[in-house]
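K.L.:
Pasting a structure below so you can have a look.
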Amino acid sequence: MTVCSRGKGRLMIKFDAVNKRFPNGTTAVHELSLTMPEGGITVLVGSSGCGKTTTLRMINRMVDPSSGTITLSGRNILEADAAELRRGIGYVIQQAGLFPHRTILDNIATVPLLLGHGRKRARARAAELLETVGLPADAAKRYPHQLSGGQQQRVGVARALAADPPVLLMDEPFGAVDPVVRTQLQDELLRLQQELNKTIVFVTHDIDEAVRLGDRIAVFRTGGHLVQCAPPAELLARPADDFVADFLGAERGLKLLSLSTLADLPRQPATTVRADETAPAGRTDWQLVVSAKGEPLGWLDPAATPPGRAGDAALLPVRPLRDTDSLLSALNESVASPAGLIARIDDAGVLAGVTAREAVHARAGAAHSAAIEPPRPATAPVGKSSA
Amino acid sequence: MTIDWSWISDHASDLATLTVSHLQAALTAVLLGLLISLPLAVLAHRVRPLRGFLLGLSNILFTIPSIAVFVLLLPVSGLTRTTTVIGLTVYTLVVLLRNTVEGLDSVPARTREAAKAMGTRPLRVLLTIELPLALPVIMAGVRIATVMSISLVSVATYIGDGGLGQLFTDGFQRNFPTPVIVGIALTLLLALVADALLVAVQYALTPWKRKRA
């Protein structure tokens, strides 16, 4: 049995020796035993044909298992009425799957209407959700084809949330939108999740998306085998076998750094000059030009310090980082920064100090070995033993 | 060929009666055709093996000459309006059945899937998702069936019915062109008005098709 949690939260979804064979003879899911605790995002990841989507669809009985049992909050879902079960589980599918003949508001109101909440109440709830997912109020009366792909996907999320279900199933929901919009939608999902704390099961084939969103990641292999289920840091640090390591890719170490933030990385005071002041001549170190409010504007090249206002000089670009940014982005900036320093800002965007390239590198190395080395009980490969 | 205008004004009320009777026969046939086609189309759409059989059958019925259909029906329903309506209904089936099946096919699988996954039961999926989305294709069939029926009613003149078709036999037998021309004009007018009304109905029923972003 692979348990995808470490103690916290009550048990929500439990697969017990579940198999799914399709009539054409293919095995989609093989002897799957997996539990997911209440709250948090469990990401099912793997290449196509690995059974991750079938696994997801068994939770709301869009697919019934060939053998084994699945329980939701302790209740065997095969004993439930399928339609009623589905109304209690939010479902977001690829490319949103909105109803083209219904307005956005009525799309979102679908499940409350099925539950008999009455049109007025259902629409009021839908209008509320429109705002929750960050859509303008005037989208309510439009039809799906009048919205962009990203907006449609937001409607899909709102529709899934309308009846406030404890469980949300998401099947590659952000697969069809461009990378910039995908990142926005991922951020929004994390923000929503912080607010709502649903039990989310999320299917993707994109390991970066899995690492970004998952509280736990379940890696599937072709033939419907679950190989490993662990929190992202643990998965990246200690892949159960070569298959998982290959799947995580050559930048596995860097992905690990994307999970740590700069919060406890020390800062030093920066040498700054205000944009409206004259740059002091004859200096040999890099100075950071800041606005009157203290926001970093760019680096002043010591070899080419011009006479006159510092702000008029040709500044080299700076990408300041906040404490919530990842160690990976700091590593990137430390390589990109001409001064070999990363600029740190506070929540208001005001310069709070700088950190040297060497300090970032040392921290990155430490974070990497700290994740890999401690002999905490490693997740056992499925089928061998349970801790 | 000259038109005798006084004949028209003398027979205005007869012409009105014939027009109404003509339209009634055609519309009854289309409505009956829809009532028969809808369940059959749903069946043909759901059960793959039945699909070829039902569509093939409606095609074969369509190839029987219209006069033959009326003659074949005589022993069953005699020289009555019923015979006219049954005959016309048979002909509407080929268009209505095919278009309804194609309309149901045109519903995106993802949409049907989403409706099911939200917890919508099958009958409600059919009534609130599939049929509304199939409506544009179904309505295209209804328009063809309506225009076709309006033109076909005249054939029932051979069994003593036929609405405006009676004007053709009348004019032909008396070698008097006015009723024939009036009959053609009224049939055309009926067809055009009916088609325009159906376009308006479709427009009213499919608000999502109007505003293209």
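Identifiers in this document derive from the order of the structure tokens: chains are assigned A, B, ..., residues are numbered from 1 separately in each chain, and ligands are numbered from 1 in order of occurrence.
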Pick out the residues sitting within 7 Å of Gly223 of chain A, and hand them over as a list in words; count only C-alpha atoms, and ignore anything fewer than 5 positions along from it in its own chain.
P.N.:
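Near neighbours after the sequence-gap exclusion: Thr27, Ala28, Val29, His30, Cys50 and Gly51 of chain A.
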K.L.:
Quick one: residues within 9 Å of Arg123 of chain A, only C-alpha atoms counted, chain neighbours fewer than 4 positions away excluded, as a list in words?
P.N.:
Leu105, Asp106, Ile108, Ala109, Pro112, Leu113, Gly118, Arg119, Ala127 and Glu128 of chain A
K.L.:
Once you have the residues from the selection above, write them out as a PDB file, in the first residue's frame, restricted to N, CA and C atoms.
P.N.:
```pdb
ATOM      1  N   LEU A 105     -22.716  32.184 -16.825  1.00  0.00           N
ATOM      2  CA  LEU A 105     -23.369  32.092 -15.519  1.00  0.00           C
ATOM      3  C   LEU A 105     -24.104  30.751 -15.373  1.00  0.00           C
ATOM      4  N   ASP A 106     -24.833  30.358 -16.417  1.00  0.00           N
ATOM      5  CA  ASP A 106     -25.586  29.100 -16.351  1.00  0.00           C
ATOM      6  C   ASP A 106     -24.668  27.877 -16.400  1.00  0.00           C
ATOM      7  N   ILE A 108     -21.753  27.790 -14.927  1.00  0.00           N
ATOM      8  CA  ILE A 108     -21.243  27.652 -13.559  1.00  0.00           C
ATOM      9  C   ILE A 108     -22.338  27.116 -12.629  1.00  0.00           C
ATOM     10  N   ALA A 109     -23.591  27.486 -12.928  1.00  0.00           N
ATOM     11  CA  ALA A 109     -24.703  27.103 -12.045  1.00  0.00           C
ATOM     12  C   ALA A 109     -25.162  25.657 -12.254  1.00  0.00           C
ATOM     13  N   PRO A 112     -25.417  23.246  -8.917  1.00  0.00           N
ATOM     14  CA  PRO A 112     -26.465  23.710  -7.993  1.00  0.00           C
ATOM     15  C   PRO A 112     -27.871  23.519  -8.556  1.00  0.00           C
ATOM     16  N   LEU A 113     -28.047  23.705  -9.862  1.00  0.00           N
ATOM     17  CA  LEU A 113     -29.366  23.489 -10.468  1.00  0.00           C
ATOM     18  C   LEU A 113     -29.756  22.020 -10.412  1.00  0.00           C
ATOM     19  N   GLY A 118     -32.650  25.848  -7.085  1.00  0.00           N
ATOM     20  CA  GLY A 118     -33.463  26.967  -7.592  1.00  0.00           C
ATOM     21  C   GLY A 118     -32.610  27.924  -8.393  1.00  0.00           C
ATOM     22  N   ARG A 119     -33.192  28.434  -9.485  1.00  0.00           N
ATOM     23  CA  ARG A 119     -32.421  29.232 -10.441  1.00  0.00           C
ATOM     24  C   ARG A 119     -31.799  30.478  -9.812  1.00  0.00           C
ATOM     25  N   ALA A 127     -22.465  33.901  -9.781  1.00  0.00           N
ATOM     26  CA  ALA A 127     -21.917  35.252  -9.927  1.00  0.00           C
ATOM     27  C   ALA A 127     -20.778  35.461  -8.938  1.00  0.00           C
ATOM     28  N   GLU A 128     -20.969  34.905  -7.724  1.00  0.00           N
ATOM     29  CA  GLU A 128     -19.950  34.985  -6.689  1.00  0.00           C
ATOM     30  C   GLU A 128     -18.655  34.287  -7.152  1.00  0.00           C
TER      31      GLU A 128
END
```
K.L.:
Applying 10 Å and only C-alpha atoms, which residues near Asp195 of chain B remain after dropping the ones on its own chain fewer than 3 positions away? List them as a ChimeraX atom specification.
P.N.:
/B:142-144,146-147,189-192,198-201
K.L.:
Determine the nearest neighbour of Ala366 of chain A from the options A:Leu341, A:Leu256, A:Val354, A:Val318, counting only C-alpha atoms.
P.N.:
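Of A:Leu341, A:Leu256, A:Val354, A:Val318, the one nearest Ala366 of chain A is A:Leu256, counting only C-alpha atoms.
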K.L.:
Can you build me a table of chain B residues sitting at most 9 Å from chain A, with the closest atom pair per residue and its distance in Å to one decimal, using only C-alpha atoms, sorted by chain and residue number, as a tab-separated table?
P.N.:
```
residue	atom	partner	partner_atom	distance
B:Pro108	CA	A:Gly97	CA	8.7
B:Ala109	CA	A:Gly97	CA	8.9
B:Arg110	CA	A:Gly97	CA	5.3
B:Thr111	CA	A:Gly97	CA	5.1
B:Arg112	CA	A:Gly97	CA	8.5
B:Glu113	CA	A:Gly97	CA	7.9
B:Ala114	CA	A:Gly97	CA	5.9
B:Ala115	CA	A:Phe99	CA	8.1
B:Lys116	CA	A:Ala83	CA	7.6
B:Ala117	CA	A:Arg86	CA	5.9
B:Met118	CA	A:Arg87	CA	5.6
B:Gly119	CA	A:Ala83	CA	4.1
B:Thr120	CA	A:Ala83	CA	6.2
B:Arg121	CA	A:Ala83	CA	6.3
B:Ile129	CA	A:Phe99	CA	7.5
B:Pro132	CA	A:His101	CA	7.4
B:Leu133	CA	A:His101	CA	6.7
B:Thr206	CA	A:His101	CA	7.5
B:Pro207	CA	A:His101	CA	7.7
B:Trp208	CA	A:His101	CA	5.3
B:Lys209	CA	A:His101	CA	8.0
B:Lys211	CA	A:Gln146	CA	8.2
B:Arg212	CA	A:Gln146	CA	6.9
B:Ala213	CA	A:Gln146	CA	4.8
```
K.L.:
Report the residues of segment 105-342 of chain A whose backbone DSSP state falls under helix (DSSP H, G or I), written as a VMD selection string.
P.N.:
chain A and resid 105 to 108 110 to 114 119 to 132 137 to 139 144 to 146 149 to 161 179 to 196 207 to 213 232 to 237 242 to 248 252 to 257 302 to 304 310 to 312 327 to 336
K.L.:
Arg267 of chain A: which residues within 12 Å, counting only C-alpha atoms, same-chain residues fewer than 2 positions away excluded, as a list of chain:residue names?
P.N.:
A:Leu262, A:Ala263, A:Asp264, A:Leu265, A:Pro269, A:Ala270, A:Leu321, A:Arg322, A:Asp323, A:Leu341, A:Ile342, A:Ala343, A:Arg344, A:Ile345, A:Asp346, A:Leu351, A:Ala352, A:Gly353, A:Val354, A:Thr355, A:Ala356, A:Arg357, A:Ala359, A:Val360
K.L.:
Could you tell me which of A:Thr324, A:Val45, A:Asn24, A:Val290 comes closest to Val244 of chain A if we count only C-alpha atoms?
P.N.:
A:Val45
K.L.:
Leaving out Ile86 of chain B and any residue of its chain fewer than 6 positions from it, which residues lie within 10 Å of it when counting only C-alpha atoms, given as a count of residues only?
P.N.:
9
K.L.:
I want to know what sits within 12 Å of segment 9-19 of chain B, based on only C-alpha atoms, with residues of the same chain fewer than 2 positions away left out; could you give that as an MDAnalysis selection string?
P.N.:
chainID B and resid 3:7 21:26 150 153:154 157 161:167 178:180 182:191
